[in-house]
Amino acid sequence: MDLPESLSLFRNKKIRILLLASLISASGSAMAPVALAFTVLGFDSRPGSLAIVLAGSTVPQLVLLLVGGVAADRFSRRRLIVIGNVVPALAQGGVALLVVWGAADTTRVALFAAVASGAAALAQPAMSSLPPLFVEAHRLQEANALLRLPTNVVRVLAPALGGVLVALVGPQLTLAWDAASFLIAALLYSRLEISGPVAAKGSALRDFHTGWTEFTQRFWLWSYTLSGTVVVALWLGGYALLGPVVAHDSGLGSAGWGTVQGSFAVGLVLGAVVSLRWKPSRIMIVCVAANLPLALPLVALALDAPLLVLAGCAALAGVGVDLAIVCWNTVMQQQLPGELLGRLNSFSSIGELAAVPLGYLLVGAAAASWGVTPVLLTGALLMTLATVALFAAPSLWSLRRAPATVPV
């Protein structure tokens, strides 16, 4: 299917609203990590403080993803999504005010970051359940790619712009826009007509048990999630935590790190374009292989590579990330029953995030004790091994692209 035919999905009003809301939210969210990292580094340049903020923002996600998964299959998805945007808006606005007042410290910033990430996690399963409600099953990959493509384009320029803004006027304006973008997105999502959940009758505990049973019975689902537990923790520990530290210490600064983030976003755009045109039969093998380039930026950071090389590695990692995300979302939406999709999505997301808080703290402590370079190289090696191990699983090779109506 060619690109113009794929763009016909924009005739769908719900897709247009969903896209516009995501686009506005992404314009703030893409700049926020640069601003948040250099907010912390501004009052404490040690990796440990940034690790505490990043780890603290991840812990609430583990709980609220689980709650959000059950809630998405029982209650109003629209209401969950609106709440998941309004609360982060208030939290990011709070961080901006702390910076303006000169009151920012590790504890306060970590608390606001935890509130923002927890609320966003509550809405994530509901968000992931939307595409099958709006488009035909055979067009799910196109919808997933198209919804990510424009927001990825925003992410190309936004990190670099955020880095420049932080360097020129400080992080408060960037954080303030992130807060405003969440509020605007919440207003748009409130206009989105979403059919109610197919929710089963009975208690939330029974819903949880049913979802967990379905999750553990699918090897392709839990094995990929288990691999992601290792890969995501090491990737975030190396890239999101140590990346800004290396940029700060090496002289790249916020503007240079913003350029690297922008290059990663260029890769995300290219990955979405590839996903529009290429529909592999062995879709799970593509999911696995697409994670391999994630190790490249860690190696480049460890070797103190020039900015051009580091940006190129980040771009390749971005291609892989977006290709993996689009294919993974498509697999889940096609292979899993709609009434279970919220819960199974939450289990998958929780599995991938489970080791992230510990990963941040261990990576931060290890970098302080042994140095940044050996930690980055070790992380890159372990990520690669955790990914390559999945190629040995016959069930991942046998899983083919299938209509959404075919149960697995």
# chains A, B, ... in the order shown; residues from 1 in each chain; ligands from 1
>>> residues_around(residues="range 324-327 of chain A", least_positions_apart="2", cutoff="12 Å", atoms="only C-alpha atoms", output="PyMOL selection string")
chain A and resi 128+131+140-149+224+228+268-269+271-276+278-294+317-322+329-335+349+400-401
>>> residues_around(residues="Gly262 in chain A", least_positions_apart="6", cutoff="10 Å", atoms="only C-alpha atoms", output="list in words")
Ala30, Met31, Asn152, Val153, Val154, Arg155, Val156, Leu157, Ala158, Pro159, Ala160, Leu161, Gly162, Gly163, Gly256, Leu268, Ala311, Ala314, Ala315 and Gly318 of chain A
>>> residues_around(residues="Tyr239 in chain A", least_positions_apart="4", cutoff="8 Å", atoms="only C-alpha atoms", output="PyMOL selection string")
chain A and resi 235+243-244+297-298
>>> select_by_dssp(residues="range 132-312 of chain A", states="alpha helix (DSSP H)", output="VMD selection string")
chain A and resid 132 to 134 140 to 169 172 to 190 204 to 216 219 to 235 242 to 250 253 to 277 283 to 289 295 to 302 307 to 312
>>> atom_distance(atom1="CA of Gly237 in chain A", atom2="CA of Ala295 in chain A")
11.7 Å
>>> residues_around(residues="range 67-76 of chain A", least_positions_apart="3", cutoff="6 Å", atoms="only C-alpha atoms", output="NGL selection string")
:A and (64 or 79 or 122 or 125-126 or 197 or 199 or 342-343 or 346)
>>> write_last_selection(atoms="all heavy atoms", output="mmCIF file, in the first residue's frame")
data_model
loop_
_atom_site.group_PDB
_atom_site.id
_atom_site.type_symbol
_atom_site.label_atom_id
_atom_site.label_comp_id
_atom_site.auth_asym_id
_atom_site.auth_seq_id
_atom_site.Cartn_x
_atom_site.Cartn_y
_atom_site.Cartn_z
ATOM 1 N N LEU A 64 0.559 2.287 38.633
ATOM 2 C CA LEU A 64 -0.576 2.868 37.925
ATOM 3 C C LEU A 64 -0.765 2.292 36.529
ATOM 4 O O LEU A 64 -1.870 2.370 35.981
ATOM 5 C CB LEU A 64 -0.419 4.386 37.877
ATOM 6 C CG LEU A 64 -0.585 5.036 39.249
ATOM 7 C CD1 LEU A 64 -0.294 6.522 39.206
ATOM 8 C CD2 LEU A 64 -1.996 4.804 39.780
ATOM 9 N N ARG A 79 -12.151 9.407 29.898
ATOM 10 C CA ARG A 79 -11.904 10.057 31.181
ATOM 11 C C ARG A 79 -10.507 9.743 31.691
ATOM 12 O O ARG A 79 -9.803 10.625 32.209
ATOM 13 C CB ARG A 79 -12.951 9.603 32.204
ATOM 14 C CG ARG A 79 -12.861 10.314 33.543
ATOM 15 C CD ARG A 79 -14.025 9.924 34.435
ATOM 16 N NE ARG A 79 -15.300 10.273 33.812
ATOM 17 C CZ ARG A 79 -16.478 9.906 34.288
ATOM 18 N NH1 ARG A 79 -16.550 9.169 35.393
ATOM 19 N NH2 ARG A 79 -17.582 10.255 33.678
ATOM 20 N N LEU A 122 -1.284 5.865 34.044
ATOM 21 C CA LEU A 122 -2.672 5.456 34.252
ATOM 22 C C LEU A 122 -3.452 5.462 32.938
ATOM 23 O O LEU A 122 -4.323 4.619 32.712
ATOM 24 C CB LEU A 122 -3.328 6.411 35.256
ATOM 25 C CG LEU A 122 -4.787 6.131 35.618
ATOM 26 C CD1 LEU A 122 -4.903 4.837 36.409
ATOM 27 C CD2 LEU A 122 -5.365 7.293 36.423
ATOM 28 N N PRO A 125 -2.591 2.401 29.004
ATOM 29 C CA PRO A 125 -3.322 1.262 28.437
ATOM 30 C C PRO A 125 -4.565 1.687 27.656
ATOM 31 O O PRO A 125 -4.890 1.086 26.625
ATOM 32 C CB PRO A 125 -3.684 0.421 29.670
ATOM 33 C CG PRO A 125 -2.662 0.792 30.684
ATOM 34 C CD PRO A 125 -2.398 2.247 30.459
ATOM 35 N N ALA A 126 -5.265 2.711 28.140
ATOM 36 C CA ALA A 126 -6.437 3.202 27.415
ATOM 37 C C ALA A 126 -6.031 3.771 26.061
ATOM 38 O O ALA A 126 -6.706 3.546 25.047
ATOM 39 C CB ALA A 126 -7.157 4.263 28.250
ATOM 40 N N PRO A 197 -15.810 0.391 27.226
ATOM 41 C CA PRO A 197 -15.080 -0.867 27.283
ATOM 42 C C PRO A 197 -16.021 -2.054 27.212
ATOM 43 O O PRO A 197 -17.190 -1.966 27.548
ATOM 44 C CB PRO A 197 -14.371 -0.810 28.642
ATOM 45 C CG PRO A 197 -15.196 0.118 29.456
ATOM 46 C CD PRO A 197 -15.764 1.121 28.496
ATOM 47 N N ALA A 199 -15.937 -4.437 29.022
ATOM 48 C CA ALA A 199 -15.577 -4.988 30.323
ATOM 49 C C ALA A 199 -16.404 -6.174 30.781
ATOM 50 O O ALA A 199 -17.608 -6.204 30.685
ATOM 51 C CB ALA A 199 -15.690 -3.906 31.376
ATOM 52 N N GLY A 342 -6.385 -3.856 27.222
ATOM 53 C CA GLY A 342 -5.878 -2.918 28.215
ATOM 54 C C GLY A 342 -5.021 -3.608 29.255
ATOM 55 O O GLY A 342 -3.920 -3.150 29.582
ATOM 56 N N ARG A 343 -5.508 -4.732 29.787
ATOM 57 C CA ARG A 343 -4.754 -5.446 30.818
ATOM 58 C C ARG A 343 -3.462 -6.042 30.282
ATOM 59 O O ARG A 343 -2.397 -5.924 30.901
ATOM 60 C CB ARG A 343 -5.626 -6.554 31.422
ATOM 61 C CG ARG A 343 -6.617 -6.071 32.468
ATOM 62 C CD ARG A 343 -7.700 -7.090 32.749
ATOM 63 N NE ARG A 343 -8.705 -7.099 31.690
ATOM 64 C CZ ARG A 343 -9.702 -7.964 31.627
ATOM 65 N NH1 ARG A 343 -9.808 -8.920 32.549
ATOM 66 N NH2 ARG A 343 -10.592 -7.890 30.658
ATOM 67 N N SER A 346 -0.917 -3.446 29.745
ATOM 68 C CA SER A 346 -0.331 -2.963 30.994
ATOM 69 C C SER A 346 0.694 -3.951 31.542
ATOM 70 O O SER A 346 1.741 -3.550 32.047
ATOM 71 C CB SER A 346 -1.419 -2.699 32.040
ATOM 72 O OG SER A 346 -2.002 -3.892 32.510
#
>>> closest_residue(among="A:Ala302, A:Val95, A:Val164, A:Ala185", to="Gly379 in chain A", atoms="only C-alpha atoms")
A:Ala302
>>> atom_distance(atom1="CA of Gly102 in chain A", atom2="CA of Leu168 in chain A")
17.0 Å
>>> closest_residue(among="A:Ala121, A:Leu310, A:Ala380, A:Ala368", to="Val230 in chain A", atoms="only C-alpha atoms")
A:Ala380
>>> atom_distance(atom1="CA of Leu381 in chain A", atom2="CA of Ala365 in chain A")
18.7 Å
>>> closest_atom_pairs(of="range 264-362 of chain A", to="range 210-217 of chain A", cutoff="8 Å", atoms="only C-alpha atoms", output="Markdown table")
| residue | atom | partner | partner_atom | distance |
| --- | --- | --- | --- | --- |
| A:Leu340 | CA | A:Gly211 | CA | 6.5 |
| A:Arg343 | CA | A:Gly211 | CA | 5.8 |
| A:Leu344 | CA | A:Gly211 | CA | 6.1 |
| A:Phe347 | CA | A:Phe215 | CA | 7.5 |
>>> write_last_selection(atoms="N, CA and C atoms", output="PDB file, in the first residue's frame")
ATOM      1  N   LEU A 340      -9.440  -7.724  26.455  1.00  0.00           N
ATOM      2  CA  LEU A 340      -8.284  -7.962  27.314  1.00  0.00           C
ATOM      3  C   LEU A 340      -7.112  -7.044  26.991  1.00  0.00           C
ATOM      4  N   ARG A 343      -5.508  -4.732  29.787  1.00  0.00           N
ATOM      5  CA  ARG A 343      -4.754  -5.446  30.818  1.00  0.00           C
ATOM      6  C   ARG A 343      -3.462  -6.042  30.282  1.00  0.00           C
ATOM      7  N   LEU A 344      -3.519  -6.681  29.127  1.00  0.00           N
ATOM      8  CA  LEU A 344      -2.316  -7.311  28.583  1.00  0.00           C
ATOM      9  C   LEU A 344      -1.288  -6.266  28.179  1.00  0.00           C
ATOM     10  N   PHE A 347       0.415  -5.263  31.447  1.00  0.00           N
ATOM     11  CA  PHE A 347       1.388  -6.258  31.905  1.00  0.00           C
ATOM     12  C   PHE A 347       2.685  -6.157  31.109  1.00  0.00           C
TER      13      PHE A 347
END
